[in-house]
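So this one's run22.cif, mmCIF, C-alpha atoms:
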```cif
data_work
loop_
_atom_site.label_atom_id
_atom_site.label_comp_id
_atom_site.auth_asym_id
_atom_site.auth_seq_id
_atom_site.Cartn_x
_atom_site.Cartn_y
_atom_site.Cartn_z
CA MET K 1 -42.93 -7.73 -28.60
CA LYS K 2 -45.99 -6.75 -26.61
CA LEU K 3 -46.27 -3.72 -24.32
CA LEU K 4 -49.02 -3.49 -21.70
CA ILE K 5 -49.41 0.06 -20.39
CA ILE K 6 -51.57 0.15 -17.26
CA ARG K 7 -52.99 3.22 -15.59
CA HIS K 8 -53.11 3.14 -11.78
CA GLY K 9 -56.36 2.29 -10.00
CA GLU K 10 -58.81 4.95 -8.83
CA PRO K 11 -56.54 7.38 -6.98
CA ASP K 12 -56.56 9.04 -3.61
CA TYR K 13 -54.42 11.94 -4.81
CA VAL K 14 -54.17 13.56 -1.38
CA HIS K 15 -52.38 10.55 0.09
CA ASP K 16 -50.90 9.26 -3.20
CA THR K 17 -52.51 5.86 -2.84
CA LEU K 18 -55.76 4.23 -3.97
CA THR K 19 -59.35 4.65 -2.89
CA GLU K 20 -61.30 1.68 -1.57
CA LYS K 21 -62.71 1.26 -5.08
CA GLY K 22 -59.20 1.53 -6.48
CA TRP K 23 -58.06 -1.40 -4.37
CA ARG K 24 -60.96 -3.49 -5.68
CA GLU K 25 -59.96 -2.56 -9.22
CA VAL K 26 -56.31 -3.55 -8.87
CA ARG K 27 -57.12 -6.87 -7.20
CA LEU K 28 -59.25 -7.73 -10.24
CA LEU K 29 -56.47 -6.44 -12.49
CA ALA K 30 -54.01 -8.79 -10.77
CA ARG K 31 -56.15 -11.79 -11.66
CA ARG K 32 -55.85 -10.76 -15.30
CA ILE K 33 -52.16 -9.83 -15.50
CA ALA K 34 -50.40 -12.18 -13.05
CA PRO K 35 -50.97 -15.40 -15.07
CA MET K 36 -49.33 -13.85 -18.15
CA ASP K 37 -45.81 -14.76 -19.25
CA VAL K 38 -44.20 -11.37 -18.57
CA LYS K 39 -40.56 -10.70 -19.35
CA GLN K 40 -40.28 -7.62 -17.13
CA TYR K 41 -42.48 -5.33 -15.04
CA TYR K 42 -41.77 -1.58 -14.80
CA VAL K 43 -43.48 0.84 -12.43
CA SER K 44 -43.65 4.55 -11.63
CA PRO K 45 -42.20 5.60 -8.26
CA LEU K 46 -45.47 7.29 -7.22
CA GLY K 47 -47.50 5.59 -4.53
CA ARG K 48 -50.69 5.09 -6.53
CA ALA K 49 -48.77 3.25 -9.27
CA GLN K 50 -46.76 1.21 -6.78
CA ASP K 51 -49.99 0.20 -5.03
CA THR K 52 -51.54 -0.74 -8.37
CA ALA K 53 -48.63 -3.02 -9.21
CA ARG K 54 -48.44 -4.66 -5.78
CA PRO K 55 -51.32 -7.20 -6.05
CA THR K 56 -50.14 -8.34 -9.49
CA LEU K 57 -46.52 -8.72 -8.38
CA GLU K 58 -47.52 -10.59 -5.22
CA LEU K 59 -49.81 -12.95 -7.11
CA ALA K 60 -47.18 -13.58 -9.79
CA GLY K 61 -44.30 -13.85 -7.29
CA ARG K 62 -42.37 -11.20 -9.20
CA THR K 63 -40.70 -7.84 -8.64
CA ALA K 64 -40.75 -4.69 -10.76
CA ILE K 65 -38.12 -2.17 -11.78
CA THR K 66 -39.04 1.33 -10.57
CA CYS K 67 -38.31 4.00 -13.20
CA ASP K 68 -38.43 7.66 -12.21
CA TRP K 69 -39.33 8.68 -15.78
CA LEU K 70 -42.59 6.69 -15.53
CA ARG K 71 -43.98 9.15 -12.95
CA GLU K 72 -46.89 11.31 -14.10
CA PHE K 73 -45.81 13.77 -16.78
CA THR K 74 -44.20 16.77 -15.10
CA GLY K 75 -44.41 19.42 -17.83
CA LYS K 76 -45.92 22.73 -16.62
CA VAL K 77 -47.20 25.76 -18.55
CA GLU K 78 -49.19 28.96 -18.09
CA LYS K 79 -52.40 28.14 -19.95
CA PRO K 80 -54.61 30.84 -21.51
CA ASN K 81 -57.47 30.27 -19.06
CA LEU K 82 -55.17 30.29 -16.01
CA PRO K 83 -52.95 33.39 -16.41
CA GLY K 84 -50.21 33.74 -13.84
CA GLN K 85 -50.40 30.08 -12.82
CA GLN K 86 -48.13 27.18 -13.67
CA SER K 87 -50.28 24.10 -14.21
CA ILE K 88 -50.14 20.73 -15.93
CA ALA K 89 -49.38 20.92 -19.63
CA TRP K 90 -51.80 18.20 -20.63
CA ASP K 91 -55.23 19.54 -19.67
CA TRP K 92 -56.39 22.50 -21.77
CA LEU K 93 -59.83 23.84 -22.55
CA PRO K 94 -60.85 22.58 -26.02
CA GLN K 95 -61.47 26.11 -27.28
CA ASP K 96 -57.87 27.03 -26.44
CA TRP K 97 -55.73 24.18 -27.71
CA THR K 98 -57.68 23.46 -30.90
CA ARG K 99 -56.97 27.00 -32.19
CA ASP K 100 -53.37 26.12 -32.97
CA GLU K 101 -52.88 23.72 -35.87
CA ARG K 102 -49.39 22.94 -34.60
CA PHE K 103 -50.91 20.97 -31.73
CA PHE K 104 -52.13 18.40 -34.25
CA SER K 105 -48.57 17.71 -35.45
CA ASP K 106 -46.29 15.22 -33.73
CA THR K 107 -43.31 17.45 -34.51
CA ALA K 108 -44.68 21.02 -34.26
CA TRP K 109 -46.80 20.79 -31.08
CA LEU K 110 -43.86 21.89 -28.93
CA ASP K 111 -43.45 25.06 -31.01
CA ASN K 112 -46.62 26.58 -29.54
CA GLU K 113 -45.57 29.69 -27.60
CA VAL K 114 -47.13 28.53 -24.34
CA MET K 115 -45.41 25.16 -24.54
CA ALA K 116 -42.10 26.75 -25.53
CA ALA K 117 -42.23 29.05 -22.50
CA GLY K 118 -42.59 26.15 -20.07
CA ASN K 119 -40.48 23.09 -19.32
CA VAL K 120 -42.50 20.76 -21.54
CA ARG K 121 -39.86 20.09 -24.19
CA GLN K 122 -37.31 19.10 -21.58
CA ALA K 123 -39.83 16.89 -19.74
CA TYR K 124 -41.04 15.24 -22.95
CA GLU K 125 -37.56 14.55 -24.29
CA ASN K 126 -36.52 13.09 -20.95
CA VAL K 127 -39.34 10.55 -21.07
CA ILE K 128 -38.97 9.49 -24.70
CA THR K 129 -35.17 9.24 -24.42
CA HIS K 130 -35.47 6.82 -21.51
CA PHE K 131 -38.26 4.95 -23.27
CA ASP K 132 -36.18 4.59 -26.46
CA ASP K 133 -33.24 3.34 -24.39
CA LEU K 134 -35.42 0.73 -22.69
CA LEU K 135 -36.86 -0.52 -25.99
CA ALA K 136 -33.33 -0.76 -27.37
CA GLN K 137 -32.34 -2.91 -24.40
CA HIS K 138 -35.19 -5.23 -25.38
CA GLY K 139 -34.12 -5.44 -29.01
CA TYR K 140 -35.87 -2.56 -30.81
CA VAL K 141 -33.77 0.47 -31.74
CA ARG K 142 -35.46 3.72 -32.79
CA GLN K 143 -34.54 4.73 -36.33
CA GLY K 144 -36.44 7.74 -37.67
CA ARG K 145 -40.13 6.99 -37.18
CA LEU K 146 -39.58 3.22 -37.16
CA TYR K 147 -37.61 0.67 -35.14
CA ARG K 148 -34.77 -1.55 -36.19
CA ALA K 149 -35.51 -5.04 -34.90
CA VAL K 150 -32.00 -6.05 -33.88
CA ARG K 151 -33.29 -8.83 -31.62
CA PRO K 152 -36.89 -9.54 -32.62
CA ASN K 153 -38.83 -11.26 -29.86
CA ASN K 154 -42.25 -12.13 -28.51
CA ASP K 155 -41.60 -10.84 -24.99
CA THR K 156 -44.25 -9.02 -22.93
CA LEU K 157 -43.35 -5.89 -20.96
CA VAL K 158 -45.74 -4.36 -18.42
CA PHE K 159 -45.71 -0.70 -17.37
CA PHE K 160 -47.69 0.57 -14.36
CA CYS K 161 -47.94 4.33 -14.73
CA HIS K 162 -50.30 7.29 -15.31
CA PHE K 163 -52.66 8.64 -17.97
CA ALA K 164 -50.68 11.63 -19.25
CA LEU K 165 -47.44 9.65 -19.17
CA GLU K 166 -49.14 6.79 -21.03
CA CYS K 167 -50.11 9.22 -23.79
CA VAL K 168 -46.50 10.40 -24.03
CA LEU K 169 -45.34 6.81 -24.54
CA LEU K 170 -48.05 6.22 -27.15
CA SER K 171 -47.16 9.45 -28.95
CA ARG K 172 -43.65 8.10 -29.40
CA LEU K 173 -44.71 4.63 -30.49
CA LEU K 174 -47.41 5.84 -32.89
CA ASN K 175 -45.77 9.09 -34.09
CA ALA K 176 -48.73 11.16 -32.90
CA SER K 177 -49.14 14.48 -31.12
CA PRO K 178 -49.61 13.92 -27.38
CA MET K 179 -51.98 16.90 -27.33
CA VAL K 180 -54.46 14.95 -29.45
CA LEU K 181 -54.05 11.86 -27.25
CA TRP K 182 -54.28 13.80 -23.96
CA HIS K 183 -57.54 15.43 -25.00
CA GLY K 184 -59.10 12.78 -27.21
CA LEU K 185 -58.52 9.59 -25.23
CA CYS K 186 -59.64 8.38 -21.82
CA ALA K 187 -57.82 5.65 -19.92
CA ALA K 188 -59.99 4.77 -16.94
CA PRO K 189 -58.27 3.81 -13.68
CA SER K 190 -56.70 0.31 -13.82
CA SER K 191 -57.26 0.12 -17.60
CA VAL K 192 -54.91 -1.81 -19.87
CA THR K 193 -53.55 -0.60 -23.21
CA THR K 194 -51.94 -3.19 -25.48
CA VAL K 195 -49.38 -2.29 -28.16
CA VAL K 196 -47.50 -4.81 -30.29
CA THR K 197 -44.69 -4.75 -32.79
CA GLU K 198 -45.28 -5.47 -36.48
CA GLU K 199 -42.35 -6.66 -38.59
CA ARG K 200 -43.71 -6.89 -42.13
CA ARG K 201 -40.20 -6.96 -43.57
CA PRO K 202 -37.19 -8.47 -41.77
CA GLY K 203 -35.59 -6.06 -39.33
CA ILE K 204 -38.09 -3.20 -39.79
CA ALA K 205 -40.63 -2.83 -36.99
CA CYS K 206 -43.38 -0.43 -36.06
CA PHE K 207 -45.98 -0.51 -33.28
CA ARG K 208 -49.72 -1.06 -33.57
CA MET K 209 -52.21 -0.48 -30.74
CA LEU K 210 -54.58 -3.43 -30.32
CA GLN K 211 -56.53 -2.14 -27.32
CA PHE K 212 -56.72 1.17 -25.53
CA GLY K 213 -57.96 1.60 -21.97
CA ASP K 214 -59.46 -1.89 -21.73
CA VAL K 215 -61.42 -2.49 -18.51
CA SER K 216 -62.84 -5.95 -19.25
CA HIS K 217 -61.30 -7.24 -16.00
CA LEU K 218 -63.66 -4.89 -14.15
CA LEU K 219 -66.79 -5.44 -16.20
CA ALA K 220 -66.41 -9.23 -16.01
CA HIS K 221 -66.86 -8.99 -12.24
CA GLY K 222 -69.54 -6.30 -12.13
CA GLU K 223 -67.16 -3.48 -11.12
CA GLN K 224 -68.06 -0.31 -13.00
CA PRO K 225 -65.15 1.77 -14.35
CA SER K 226 -64.35 4.92 -12.42
CA PHE K 227 -65.37 8.30 -13.87
CA MET K 228 -62.05 9.74 -12.63
CA ALA K 229 -60.53 10.30 -16.03
CA ARG K 230 -62.91 12.61 -17.86
CA PHE K 231 -65.28 15.55 -17.62
CA CYS K 232 -69.08 15.66 -17.66
CA GLU K 233 -70.80 14.44 -20.82
CA CYS K 234 -73.35 17.25 -20.47
CA TYR K 235 -72.54 20.33 -18.40
CA GLY K 236 -74.22 20.04 -15.04
CA ASN K 237 -74.74 16.27 -15.06
CA GLU K 238 -75.07 15.15 -11.47
CA GLY K 239 -72.10 13.17 -10.18
CA GLU K 240 -69.86 14.04 -13.13
CA ILE K 241 -66.85 16.36 -13.04
CA SER K 242 -67.32 19.86 -14.46
CA ASP K 243 -64.72 22.54 -15.16
CA ASP K 244 -65.48 26.03 -13.87
CA ASN K 245 -62.02 27.51 -14.41
CA ASP K 246 -62.86 29.23 -17.70
#
```
Starting from the file, lay out its structure as structure tokens.
Amino acid sequence: MKLLIIRHGEPDYVHDTLTEKGWREVRLLARRIAPMDVKQYYVSPLGRAQDTARPTLELAGRTAITCDWLREFTGKVEKPNLPGQQSIAWDWLPQDWTRDERFFSDTAWLDNEVMAAGNVRQAYENVITHFDDLLAQHGYVRQGRLYRAVRPNNDTLVFFCHFALECVLLSRLLNASPMVLWHGLCAAPSSVTTVVTEERRPGIACFRMLQFGDVSHLLAHGEQPSFMARFCECYGNEGEISDDND
């Protein structure tokens, strides 16, 4: 089974839709995804994800199932550099999160005191429970760190969602800490991540990531990937996002 996890196009967060560039991105994305033999499309309820899916669905003549748990990850915490504020759990200063070795563990990262004080565990377990249920419906049942292939198949599932949520899904599939993925990976707007099952022995499956954040559909048509996914490569670089909240 193949999973395509797609981040929404360049966002207009104020209006929860896409920028003009974002619309160009998702029209090019549609030309890539619509011809594929897709078993089922799934999409976040948020406007920017719905708008990202729309050109693909229209071109393919298909509909998608909207899943509330595919919305951007909702966990909130009071981070060390923002005392007294509840903010997203997945964007920390490197000098803060890397101090705690538990953040590098796929099982212990939630034991950090800041995470434990917020709603992150509940939010994370909500997402992975729904994700496990969906995979089971498609023939792969979670069993420990692996999957029991009760109905092995070559189906393709497509998910239109968000960066932090994508990392949560990948953390479950790959048995990795989402903190490492949130801070070490960059999925540009409209990028495509491809994950496939491997069944080396009958009935025992795991997942392998073939591509992460692929934007070849943009580059092939001269559309440069958006910078809206990362911070400046050198502090003060013109036109790149800096972080002055430290």
Counting all atoms listed in the file, which of K:Val192, K:Met179, K:Met1, K:Ala220 gets nearest to Gly139 of chain K?
K:Met1
For the structure provided, state which residues fall under the PyMOL selection byres ((chain K and resi 162-168) around 6), and present them as JSON, numbers by chain.
{"K": [7, 72, 73, 161, 169, 170, 171, 178, 181]}
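Those residues positioned at most 10 Å from (-33.4, 0.9, -27.4) are Thr129, His130, Phe131, Asp132, Asp133, Leu134, Leu135, Ala136, Gln137, His138, Gly139, Tyr140, Val141, Arg142, Gln143, Tyr147, Arg148, Ala149 and Val150 of chain K, judged using all atoms listed in the file.
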By how many Å are atom CA of Ile33 of chain K and atom CA of Thr56 of chain K apart?
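Distance reported for this atom pair: 6.5 Å.
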Quick one: residues within 12 Å of Val215 of chain K, all atoms listed in the file, excluding same-chain residues fewer than 5 positions away - as a ChimeraX atom specification?
/K:6-7,9,25-26,28-29,32,186-194,220-226
Selected by the PyMOL selection byres ((chain K and resi 39-46) around 7) in the shown coordinates: which residues, as number ranges by chain?
K: 37-38, 47-50, 64-68, 70-71, 155-161
Could you spell out the hits of the PyMOL selection byres ((chain K and resi 106-109) around 12) on the shown file, as a ChimeraX atom specification?
/K:89-90,97-105,110-116,120-121,124,145,168,170-181
Just the number, please: distance in Å from atom CA of Tyr235 of chain K to atom CA of Gln95 of chain K, one decimal.
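Going from atom CA of Tyr235 of chain K over to atom CA of Gln95 of chain K, I get 15.3 Å.
Atom CA of Ala205 of chain K lies 24.2 Å from atom CA of Trp69 of chain K.
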Minimum-distance residue to Glu10 of chain K, chosen among K:Gly236, K:Leu219, K:Met228, K:Pro202 (using only C-alpha atoms)
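Smallest distance to Glu10 of chain K is found for K:Met228.
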